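Enquirer: Following this line is input.txt, made up of compact mmCIF, C-alpha atoms and all ligand atoms:
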```txt
# COMPACT_ATOMS: atom_id res chain seq x y z
CA LYS A 1 33.25 -23.20 36.58
CA GLU A 2 35.76 -20.59 35.54
CA ARG A 3 33.78 -17.47 34.78
CA VAL A 4 30.60 -15.92 36.15
CA TYR A 5 28.90 -12.90 34.62
CA GLY A 6 26.37 -10.71 36.41
CA VAL A 7 23.44 -9.15 34.57
CA ALA A 8 21.57 -6.40 36.43
CA ASP A 9 18.44 -4.94 34.90
CA THR A 10 15.36 -2.94 35.85
CA THR A 11 11.60 -3.17 35.74
CA PHE A 12 11.60 0.51 34.64
CA SER A 13 13.14 -0.38 31.28
CA ARG A 14 10.80 -0.63 28.30
CA VAL A 15 12.93 -3.27 26.59
CA ASN A 16 13.94 -6.61 28.13
CA MET A 17 17.63 -5.85 27.84
CA GLY A 18 18.51 -8.39 30.54
CA GLU A 19 17.30 -11.22 28.36
CA ILE A 20 19.20 -9.87 25.33
CA ALA A 21 22.39 -9.59 27.40
CA ILE A 22 22.04 -13.13 28.74
CA ASN A 23 21.50 -14.57 25.25
CA THR A 24 24.52 -12.70 23.90
CA ILE A 25 26.84 -13.66 26.78
CA ARG A 26 25.74 -17.29 26.51
CA ARG A 27 26.55 -17.33 22.80
CA GLU A 28 29.94 -15.63 23.27
CA ASP A 29 31.05 -17.65 26.30
CA PRO A 30 29.01 -20.87 26.51
CA GLU A 31 31.13 -22.27 29.36
CA ALA A 32 30.34 -19.47 31.76
CA ASP A 33 27.67 -19.03 34.41
CA ILE A 34 25.33 -16.05 34.34
CA VAL A 35 23.52 -14.59 37.34
CA ARG A 36 20.65 -12.15 36.84
CA TYR A 37 19.48 -9.53 39.35
CA THR A 38 16.44 -7.39 38.54
CA VAL A 39 15.74 -4.19 40.50
CA PRO A 40 13.05 -1.51 40.20
CA GLY A 41 15.11 1.31 38.70
CA ILE A 42 18.56 2.63 37.80
CA LYS A 43 19.39 3.98 41.24
CA ASP A 44 19.15 0.41 42.53
CA LEU A 45 21.73 -0.84 40.02
CA PRO A 46 24.94 0.08 41.90
CA VAL A 47 24.16 -2.10 44.91
CA ALA A 48 22.91 -4.89 42.66
CA ALA A 49 26.22 -4.77 40.78
CA LYS A 50 28.18 -4.74 44.04
CA ARG A 51 26.26 -7.70 45.41
CA LEU A 52 26.76 -9.66 42.18
CA ILE A 53 30.51 -9.04 42.42
CA ASP A 54 30.59 -9.88 46.15
CA SER A 55 28.88 -13.19 45.36
CA GLY A 56 31.54 -14.14 42.80
CA CYS A 57 30.80 -12.50 39.44
CA ASN A 58 33.95 -11.68 37.47
CA GLY A 59 32.21 -8.84 35.63
CA VAL A 60 28.79 -7.24 35.50
CA ILE A 61 26.66 -5.57 32.85
CA THR A 62 23.97 -3.15 34.01
CA LEU A 63 21.01 -2.30 31.82
CA GLY A 64 19.30 0.97 32.56
CA TRP A 65 16.58 3.07 31.00
CA VAL A 66 16.46 6.81 31.68
CA GLY A 67 13.26 8.80 31.32
CA LYS A 68 12.99 12.17 29.56
CA THR A 69 12.76 14.56 32.47
CA GLN A 70 15.54 16.51 34.15
CA LEU A 71 14.88 14.51 37.31
CA ASP A 72 15.50 11.29 35.37
CA LYS A 73 18.78 12.69 34.04
CA TYR A 74 19.92 13.60 37.56
CA SER A 75 19.00 10.08 38.64
CA TYR A 76 21.25 8.74 35.90
CA LEU A 77 24.14 10.99 36.92
CA ALA A 78 23.86 9.67 40.47
CA THR A 79 23.65 6.11 39.15
CA SER A 80 26.69 6.53 36.94
CA ILE A 81 28.78 7.85 39.82
CA GLY A 82 27.57 4.89 41.89
CA LEU A 83 28.48 2.38 39.19
CA ILE A 84 31.94 3.88 38.73
CA THR A 85 32.42 3.78 42.50
CA VAL A 86 31.55 0.07 42.52
CA GLN A 87 34.12 -0.55 39.79
CA ILE A 88 36.84 1.23 41.72
CA MET A 89 35.92 -0.38 45.06
CA THR A 90 35.90 -3.88 43.60
CA SER A 91 38.47 -3.56 40.78
CA THR A 92 35.87 -5.21 38.55
CA HIS A 93 34.33 -4.07 35.30
CA VAL A 94 30.73 -2.91 35.47
CA ILE A 95 29.70 -2.23 31.89
CA ASP A 96 26.99 0.42 31.99
CA VAL A 97 24.40 0.08 29.23
CA THR A 98 22.01 3.00 29.42
CA VAL A 99 19.26 3.98 27.02
CA HIS A 100 18.03 7.54 27.30
CA GLU A 101 14.40 7.83 26.33
CA ASP A 102 15.04 11.08 24.39
CA GLU A 103 17.73 9.51 22.20
CA ALA A 104 15.22 8.77 19.46
CA GLU A 105 11.96 10.24 18.24
CA ASP A 106 10.05 7.01 17.77
CA GLU A 107 9.69 3.87 19.86
CA GLU A 108 10.95 1.54 17.13
CA SER A 109 14.30 3.39 16.89
CA LEU A 110 14.56 3.44 20.68
CA LYS A 111 14.11 -0.32 20.74
CA GLU A 112 16.77 -0.80 18.06
CA ILE A 113 19.21 1.37 20.04
CA ALA A 114 18.52 -0.68 23.19
CA ILE A 115 19.08 -4.00 21.43
CA ASP A 116 22.23 -2.93 19.57
CA ARG A 117 23.81 -1.27 22.62
CA THR A 118 23.03 -4.27 24.82
CA ARG A 119 24.48 -6.79 22.35
CA LYS A 120 27.66 -4.84 21.62
CA HIS A 121 28.40 -4.12 25.27
CA SER A 122 27.66 -7.75 26.22
CA VAL A 123 30.40 -8.77 23.78
CA ASN A 124 32.68 -6.08 25.25
CA LEU A 125 32.09 -7.49 28.74
CA VAL A 126 32.95 -11.04 27.70
CA ARG A 127 36.13 -9.88 25.99
CA LEU A 128 37.27 -7.85 28.99
CA VAL A 129 36.46 -10.56 31.52
CA ARG A 130 37.66 -13.59 29.57
CA ASP A 131 40.46 -12.15 27.47
CA GLY A 132 41.83 -9.34 29.63
CA LYS A 133 43.18 -5.86 29.22
CA ASN A 134 44.30 -6.11 25.59
CA ALA A 135 41.19 -7.87 24.32
CA LEU A 136 39.84 -4.65 22.78
CA THR A 137 43.19 -3.17 21.76
CA GLY A 138 42.83 -4.32 18.17
CA MET A 139 39.75 -2.08 17.94
CA ALA A 140 41.36 0.92 19.66
CA GLY A 141 40.87 4.26 17.93
CA LYS A 142 38.28 2.92 15.52
CA GLY A 143 35.42 5.16 16.65
CA LEU A 144 33.20 2.30 17.75
CA ARG A 145 29.74 3.18 19.03
CA GLN A 146 26.98 1.19 20.70
CA GLY A 147 23.40 1.87 19.71
CA TYR A 148 24.44 3.77 16.60
CA ARG A 149 26.61 3.30 13.51
CA ASN A 150 30.29 3.57 14.30
CA ALA A 151 31.72 7.09 14.02
CA GLY A 152 34.86 5.71 12.37
CA GLN A 153 38.56 6.42 12.56
CA LEU A 154 39.99 9.79 11.48
CA ASP A 155 43.52 8.79 10.44
O1 LIG B 1 15.06 2.99 44.86
C1 LIG B 1 13.80 3.13 44.22
C2 LIG B 1 13.84 4.21 43.12
O2 LIG B 1 14.21 5.44 43.67
C3 LIG B 1 14.81 3.82 42.03
O3 LIG B 1 14.35 2.63 41.44
C4 LIG B 1 14.97 4.91 40.94
O4 LIG B 1 16.00 4.52 40.06
C5 LIG B 1 13.69 5.12 40.13
N1 LIG B 1 13.85 6.21 39.12
C6 LIG B 1 13.61 7.51 39.47
O5 LIG B 1 13.32 7.79 40.68
C7 LIG B 1 13.69 8.56 38.49
O6 LIG B 1 13.47 9.77 38.78
C8 LIG B 1 14.22 5.91 37.84
C9 LIG B 1 14.28 6.94 36.87
N2 LIG B 1 13.98 8.24 37.22
C10 LIG B 1 14.67 6.61 35.55
O7 LIG B 1 14.71 7.47 34.65
N3 LIG B 1 14.98 5.32 35.28
C11 LIG B 1 14.93 4.34 36.23
N4 LIG B 1 14.54 4.64 37.48
O8 LIG B 1 15.25 3.17 35.93
O1 LIG B 2 30.47 0.85 30.52
C1 LIG B 2 30.12 0.93 29.19
C2 LIG B 2 29.84 2.38 28.73
O2 LIG B 2 28.82 2.93 29.51
C3 LIG B 2 31.07 3.24 28.83
O3 LIG B 2 32.08 2.70 28.00
C4 LIG B 2 30.79 4.71 28.43
O4 LIG B 2 31.99 5.46 28.66
C5 LIG B 2 30.37 4.83 26.96
N1 LIG B 2 30.01 6.24 26.60
C6 LIG B 2 28.76 6.71 26.81
O5 LIG B 2 27.91 5.95 27.34
C7 LIG B 2 28.41 8.04 26.42
O6 LIG B 2 27.24 8.48 26.62
C8 LIG B 2 30.96 7.08 26.04
C9 LIG B 2 30.59 8.39 25.66
N2 LIG B 2 29.31 8.82 25.84
C10 LIG B 2 31.59 9.23 25.09
O7 LIG B 2 31.34 10.38 24.73
N3 LIG B 2 32.83 8.74 24.95
C11 LIG B 2 33.17 7.48 25.35
N4 LIG B 2 32.24 6.67 25.87
O8 LIG B 2 34.35 7.07 25.23
```
I'd like the structure from this file rewritten - as structure tokens, please.
Expert:
Amino acid sequence: KERVYGVADTTFSRVNMGEIAINTIRREDPEADIVRYTVPGIKDLPVAAKRLIDSGCNGVITLGWVGKTQLDKYSYLATSIGLITVQIMTSTHVIDVTVHEDEAEDEESLKEIAIDRTRKHSVNLVRLVRDGKNALTGMAGKGLRQGYRNAGQLD
């Protein structure tokens, strides 16, 4: 097998983003292997990502859900620093998909954001891992967004 993707998700999340990521990666790169690792919450994601990479994953996507309180936001900041540290330590992409519970007023919109962000970043992960550093260059500067409509290019 040539490529292995890691999918790390949480039981805290209110959408099964791990399953959505796996389905998307499988469709984009049917040859590859996928390893899933589910942890309780976002602060457990950095070590899950590191262990997935240590065990042979060529790239990882993490799927986190952040609650509404200030404490939750601090937990995300710590998580984000941890995930970036893992990327630097391992020279491996860890694509961080995070849904913030206060991003939308209603639960249906929140679910749509979670699904869209997970799908788009799963495709981004496959492109970076399989196709390398210029895989996204054709889309550079286009104002792409995940979870929302694209902001668009200014020039
Ligand atoms: O290691 C066990 C927990 O500390 C860990 O799972 C945390 O990520 C749990 N957690 C918080 O403690 C918190 O204050 C989470 C959040 N907020 C959050 O918003 N989202 C989570 N976990 O996934
Ligand atoms: O690893 C995948 C993403 O988490 C990563 O590409 C982030 O940098 C994406 N991102 C955010 O999640 C965000 O909340 C970006 C912004 N804000 C931003 O303002 N500008 C970005 N990315 O380029």
Enquirer: Sort by chain and increasing residue number a table of all residues of chain A within 6 Å of ligand LIG 1 (chain B), each with its closest pair of atoms and their distance in Å to one decimal, counting only C-alpha atoms and all ligand atoms, and write it as JSON lines.
Expert:
```
{"residue": "A:Phe12", "atom": "CA", "partner": "B:LIG1", "partner_atom": "O8", "distance": 4.7}
{"residue": "A:Pro40", "atom": "CA", "partner": "B:LIG1", "partner_atom": "O3", "distance": 4.5}
{"residue": "A:Gly41", "atom": "CA", "partner": "B:LIG1", "partner_atom": "O3", "distance": 3.1}
{"residue": "A:Ile42", "atom": "CA", "partner": "B:LIG1", "partner_atom": "O8", "distance": 3.8}
{"residue": "A:Lys43", "atom": "CA", "partner": "B:LIG1", "partner_atom": "O4", "distance": 3.6}
{"residue": "A:Asp44", "atom": "CA", "partner": "B:LIG1", "partner_atom": "O1", "distance": 5.4}
{"residue": "A:Gly64", "atom": "CA", "partner": "B:LIG1", "partner_atom": "O8", "distance": 5.7}
{"residue": "A:Trp65", "atom": "CA", "partner": "B:LIG1", "partner_atom": "N3", "distance": 5.1}
{"residue": "A:Val66", "atom": "CA", "partner": "B:LIG1", "partner_atom": "O7", "distance": 3.5}
{"residue": "A:Gly67", "atom": "CA", "partner": "B:LIG1", "partner_atom": "O7", "distance": 3.9}
{"residue": "A:Leu71", "atom": "CA", "partner": "B:LIG1", "partner_atom": "O6", "distance": 5.2}
{"residue": "A:Asp72", "atom": "CA", "partner": "B:LIG1", "partner_atom": "N2", "distance": 3.9}
{"residue": "A:Ser75", "atom": "CA", "partner": "B:LIG1", "partner_atom": "C7", "distance": 5.5}
```
Enquirer: So, counting only C-alpha atoms, which residue among A:Arg145, A:Arg26, A:Arg3, A:Arg117 is closest to Asp96 (chain A)?
Expert: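 Closest to Asp96 (chain A), using only C-alpha atoms: A:Arg117.
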Enquirer: May I ask you to write as number ranges by chain all residues lying at most 7 Å from ligand LIG 2 (chain B), with all atoms listed in the file counted?
Expert: A: 94-98, 121
Enquirer: For the selection you just gave me, I'd like the residues written to a file as an mmCIF file, in the coordinates of the input, keeping C-alpha atoms.
Expert:
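Result saved to again03.cif:
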```cif
data_model
loop_
_atom_site.group_PDB
_atom_site.id
_atom_site.type_symbol
_atom_site.label_atom_id
_atom_site.label_comp_id
_atom_site.auth_asym_id
_atom_site.auth_seq_id
_atom_site.Cartn_x
_atom_site.Cartn_y
_atom_site.Cartn_z
ATOM 1 C CA VAL A 94 30.730 -2.910 35.470
ATOM 2 C CA ILE A 95 29.700 -2.230 31.890
ATOM 3 C CA ASP A 96 26.990 0.420 31.990
ATOM 4 C CA VAL A 97 24.400 0.080 29.230
ATOM 5 C CA THR A 98 22.010 3.000 29.420
ATOM 6 C CA HIS A 121 28.400 -4.120 25.270
#
```
Enquirer: Give me, please, the distance in Å between CA of Ala32 (chain A) and CA of Gly59 (chain A), quoted to one decimal.
Expert: 11.5 Å
Enquirer: When you look at region 103-116 of chain A with a cut-off of 12 Å (counting all atoms listed in the file), what residues show up, excluding the ones that are within fewer than 5 positions of it in the same chain? I need them as a VMD selection string.
Expert: chain A and resid 13 to 21 23 to 24 63 to 68 97 to 98 121 to 123 145 to 150
Enquirer: Would you give the centre and edge lengths, in Å to one decimal, of a box along x, y and z around the listed atoms of region 68-82 of chain A, with 3 Å added to each side, as JSON?
Expert:
```
{"center_x": 20.8, "center_y": 10.7, "center_z": 35.7, "size_x": 22.0, "size_y": 17.6, "size_z": 18.3}
```
Enquirer: CA of Val7 (chain A) to CA of Met89 (chain A): how many Å, to one decimal?
Expert: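 These two atoms are separated by 18.5 Å.
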Enquirer: Mind giving me the straight-line distance from CA of Thr92 (chain A) to CA of Gly141 (chain A) in Å, one decimal?
Expert: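 These two atoms are separated by 23.2 Å.
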Enquirer: Between A:Arg51, A:Leu144, A:Asp29, A:Asp102, which residue has the minimum interatomic distance to Ala8 (chain A), considering only C-alpha atoms?
Expert: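 Of all the options, A:Arg51 lies closest to Ala8 (chain A).
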Enquirer: When you count all atoms listed in the file, which of these residues is closest to Ser80 (chain A): A:Gly152, A:Gly6, A:Pro46, A:Gly138?
Expert: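 Looking at the shortest contact to Ser80 (chain A), the residue is A:Pro46.
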Enquirer: Closest to Asp33 (chain A) among A:Asn58, A:Thr90, A:Thr69, A:Thr79, using only C-alpha atoms?
Expert: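 Nearest candidate to Asp33 (chain A) out of A:Asn58, A:Thr90, A:Thr69, A:Thr79: A:Asn58.
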Enquirer: Which residues are near Gly82 (chain A)? Cut-off 10 Å, all atoms listed in the file, ignore same chain within fewer than 2 positions. Put them as a PDB file with C-alpha atoms, keeping the file's coordinate frame.
Expert:
```pdb
ATOM      1  CA  LYS A  43      19.390   3.980  41.240  1.00  0.00           C
ATOM      2  CA  ASP A  44      19.150   0.410  42.530  1.00  0.00           C
ATOM      3  CA  LEU A  45      21.730  -0.840  40.020  1.00  0.00           C
ATOM      4  CA  PRO A  46      24.940   0.080  41.900  1.00  0.00           C
ATOM      5  CA  VAL A  47      24.160  -2.100  44.910  1.00  0.00           C
ATOM      6  CA  ALA A  49      26.220  -4.770  40.780  1.00  0.00           C
ATOM      7  CA  LYS A  50      28.180  -4.740  44.040  1.00  0.00           C
ATOM      8  CA  TYR A  76      21.250   8.740  35.900  1.00  0.00           C
ATOM      9  CA  LEU A  77      24.140  10.990  36.920  1.00  0.00           C
ATOM     10  CA  ALA A  78      23.860   9.670  40.470  1.00  0.00           C
ATOM     11  CA  THR A  79      23.650   6.110  39.150  1.00  0.00           C
ATOM     12  CA  SER A  80      26.690   6.530  36.940  1.00  0.00           C
ATOM     13  CA  ILE A  84      31.940   3.880  38.730  1.00  0.00           C
ATOM     14  CA  THR A  85      32.420   3.780  42.500  1.00  0.00           C
ATOM     15  CA  VAL A  86      31.550   0.070  42.520  1.00  0.00           C
ATOM     16  CA  GLN A  87      34.120  -0.550  39.790  1.00  0.00           C
ATOM     17  CA  ILE A  88      36.840   1.230  41.720  1.00  0.00           C
TER      18      ILE A  88
END
```
Enquirer: Using only C-alpha atoms, can you tell me which of A:Lys73, A:Lys120, A:Lys133, A:Lys142 comes closest to Ile25 (chain A)?
Expert: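 Closest to Ile25 (chain A), using only C-alpha atoms: A:Lys120.
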Enquirer: From the options A:Val4, A:Val129, A:Leu154, A:Leu52, which residue's atoms come nearest to Ile34 (chain A), counting only C-alpha atoms?
Expert: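 Among the listed residues, A:Val4 lies closest to Ile34 (chain A).
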Enquirer: My structure is short of atoms at region 76-99 of chain A; please model N, CA, C and O atoms there, returning them as a PDB file, keeping the file's coordinate frame.
Expert:
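Result file follows (out.pdb):
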```
ATOM      1  N   TYR A  76      20.202   9.475  36.628  1.00  0.00           N
ATOM      2  CA  TYR A  76      21.250   8.740  35.900  1.00  0.00           C
ATOM      3  C   TYR A  76      22.632   9.193  36.319  1.00  0.00           C
ATOM      4  O   TYR A  76      23.539   8.369  36.483  1.00  0.00           O
ATOM      5  N   LEU A  77      22.817  10.496  36.499  1.00  0.00           N
ATOM      6  CA  LEU A  77      24.140  10.990  36.920  1.00  0.00           C
ATOM      7  C   LEU A  77      24.543  10.345  38.244  1.00  0.00           C
ATOM      8  O   LEU A  77      25.677   9.871  38.399  1.00  0.00           O
ATOM      9  N   ALA A  78      23.584  10.306  39.174  1.00  0.00           N
ATOM     10  CA  ALA A  78      23.860   9.670  40.470  1.00  0.00           C
ATOM     11  C   ALA A  78      24.190   8.190  40.273  1.00  0.00           C
ATOM     12  O   ALA A  78      25.132   7.657  40.868  1.00  0.00           O
ATOM     13  N   THR A  79      23.422   7.537  39.419  1.00  0.00           N
ATOM     14  CA  THR A  79      23.650   6.110  39.150  1.00  0.00           C
ATOM     15  C   THR A  79      25.040   5.877  38.576  1.00  0.00           C
ATOM     16  O   THR A  79      25.757   4.963  38.994  1.00  0.00           O
ATOM     17  N   SER A  80      25.403   6.704  37.611  1.00  0.00           N
ATOM     18  CA  SER A  80      26.690   6.530  36.940  1.00  0.00           C
ATOM     19  C   SER A  80      27.839   6.679  37.928  1.00  0.00           C
ATOM     20  O   SER A  80      28.789   5.883  37.915  1.00  0.00           O
ATOM     21  N   ILE A  81      27.740   7.669  38.804  1.00  0.00           N
ATOM     22  CA  ILE A  81      28.780   7.850  39.820  1.00  0.00           C
ATOM     23  C   ILE A  81      28.824   6.618  40.723  1.00  0.00           C
ATOM     24  O   ILE A  81      29.895   6.119  41.069  1.00  0.00           O
ATOM     25  N   GLY A  82      27.627   6.103  41.067  1.00  0.00           N
ATOM     26  CA  GLY A  82      27.570   4.890  41.890  1.00  0.00           C
ATOM     27  C   GLY A  82      28.210   3.698  41.201  1.00  0.00           C
ATOM     28  O   GLY A  82      28.972   2.940  41.810  1.00  0.00           O
ATOM     29  N   LEU A  83      27.926   3.530  39.926  1.00  0.00           N
ATOM     30  CA  LEU A  83      28.480   2.380  39.190  1.00  0.00           C
ATOM     31  C   LEU A  83      29.988   2.487  39.045  1.00  0.00           C
ATOM     32  O   LEU A  83      30.707   1.488  39.150  1.00  0.00           O
ATOM     33  N   ILE A  84      30.479   3.696  38.822  1.00  0.00           N
ATOM     34  CA  ILE A  84      31.940   3.880  38.730  1.00  0.00           C
ATOM     35  C   ILE A  84      32.575   3.606  40.092  1.00  0.00           C
ATOM     36  O   ILE A  84      33.644   2.983  40.174  1.00  0.00           O
ATOM     37  N   THR A  85      31.906   4.048  41.154  1.00  0.00           N
ATOM     38  CA  THR A  85      32.420   3.780  42.500  1.00  0.00           C
ATOM     39  C   THR A  85      32.525   2.280  42.761  1.00  0.00           C
ATOM     40  O   THR A  85      33.520   1.803  43.316  1.00  0.00           O
ATOM     41  N   VAL A  86      31.509   1.533  42.344  1.00  0.00           N
ATOM     42  CA  VAL A  86      31.550   0.070  42.520  1.00  0.00           C
ATOM     43  C   VAL A  86      32.744  -0.521  41.767  1.00  0.00           C
ATOM     44  O   VAL A  86      33.456  -1.385  42.289  1.00  0.00           O
ATOM     45  N   GLN A  87      32.977  -0.029  40.557  1.00  0.00           N
ATOM     46  CA  GLN A  87      34.120  -0.550  39.790  1.00  0.00           C
ATOM     47  C   GLN A  87      35.429  -0.316  40.514  1.00  0.00           C
ATOM     48  O   GLN A  87      36.299  -1.197  40.584  1.00  0.00           O
ATOM     49  N   ILE A  88      35.584   0.894  41.044  1.00  0.00           N
ATOM     50  CA  ILE A  88      36.840   1.230  41.720  1.00  0.00           C
ATOM     51  C   ILE A  88      36.974   0.443  43.027  1.00  0.00           C
ATOM     52  O   ILE A  88      38.043  -0.083  43.348  1.00  0.00           O
ATOM     53  N   MET A  89      35.880   0.348  43.765  1.00  0.00           N
ATOM     54  CA  MET A  89      35.920  -0.380  45.060  1.00  0.00           C
ATOM     55  C   MET A  89      36.256  -1.849  44.882  1.00  0.00           C
ATOM     56  O   MET A  89      36.874  -2.460  45.752  1.00  0.00           O
ATOM     57  N   THR A  90      35.785  -2.429  43.766  1.00  0.00           N
ATOM     58  CA  THR A  90      35.900  -3.880  43.600  1.00  0.00           C
ATOM     59  C   THR A  90      36.941  -4.269  42.555  1.00  0.00           C
ATOM     60  O   THR A  90      37.184  -5.468  42.353  1.00  0.00           O
ATOM     61  N   SER A  91      37.534  -3.284  41.895  1.00  0.00           N
ATOM     62  CA  SER A  91      38.470  -3.560  40.780  1.00  0.00           C
ATOM     63  C   SER A  91      37.862  -4.533  39.773  1.00  0.00           C
ATOM     64  O   SER A  91      38.525  -5.468  39.310  1.00  0.00           O
ATOM     65  N   THR A  92      36.600  -4.314  39.461  1.00  0.00           N
ATOM     66  CA  THR A  92      35.870  -5.210  38.550  1.00  0.00           C
ATOM     67  C   THR A  92      35.097  -4.367  37.551  1.00  0.00           C
ATOM     68  O   THR A  92      34.533  -3.329  37.919  1.00  0.00           O
ATOM     69  N   HIS A  93      35.082  -4.816  36.299  1.00  0.00           N
ATOM     70  CA  HIS A  93      34.330  -4.070  35.300  1.00  0.00           C
ATOM     71  C   HIS A  93      32.824  -4.156  35.536  1.00  0.00           C
ATOM     72  O   HIS A  93      32.279  -5.251  35.716  1.00  0.00           O
ATOM     73  N   VAL A  94      32.192  -2.993  35.517  1.00  0.00           N
ATOM     74  CA  VAL A  94      30.730  -2.910  35.470  1.00  0.00           C
ATOM     75  C   VAL A  94      30.411  -2.138  34.196  1.00  0.00           C
ATOM     76  O   VAL A  94      30.594  -0.918  34.123  1.00  0.00           O
ATOM     77  N   ILE A  95      30.001  -2.861  33.167  1.00  0.00           N
ATOM     78  CA  ILE A  95      29.700  -2.230  31.890  1.00  0.00           C
ATOM     79  C   ILE A  95      28.287  -1.649  31.976  1.00  0.00           C
ATOM     80  O   ILE A  95      27.316  -2.359  32.247  1.00  0.00           O
ATOM     81  N   ASP A  96      28.232  -0.341  31.779  1.00  0.00           N
ATOM     82  CA  ASP A  96      26.990   0.420  31.990  1.00  0.00           C
ATOM     83  C   ASP A  96      26.293   0.634  30.645  1.00  0.00           C
ATOM     84  O   ASP A  96      26.743   1.434  29.834  1.00  0.00           O
ATOM     85  N   VAL A  97      25.239  -0.111  30.419  1.00  0.00           N
ATOM     86  CA  VAL A  97      24.400   0.080  29.230  1.00  0.00           C
ATOM     87  C   VAL A  97      23.214   0.934  29.645  1.00  0.00           C
ATOM     88  O   VAL A  97      22.425   0.522  30.498  1.00  0.00           O
ATOM     89  N   THR A  98      23.125   2.106  29.079  1.00  0.00           N
ATOM     90  CA  THR A  98      22.010   3.000  29.420  1.00  0.00           C
ATOM     91  C   THR A  98      21.343   3.481  28.141  1.00  0.00           C
ATOM     92  O   THR A  98      22.018   3.922  27.218  1.00  0.00           O
ATOM     93  N   VAL A  99      20.046   3.405  28.123  1.00  0.00           N
ATOM     94  CA  VAL A  99      19.260   3.980  27.020  1.00  0.00           C
ATOM     95  C   VAL A  99      18.514   5.181  27.569  1.00  0.00           C
ATOM     96  O   VAL A  99      17.841   5.089  28.596  1.00  0.00           O
TER      97      VAL A  99
END
```
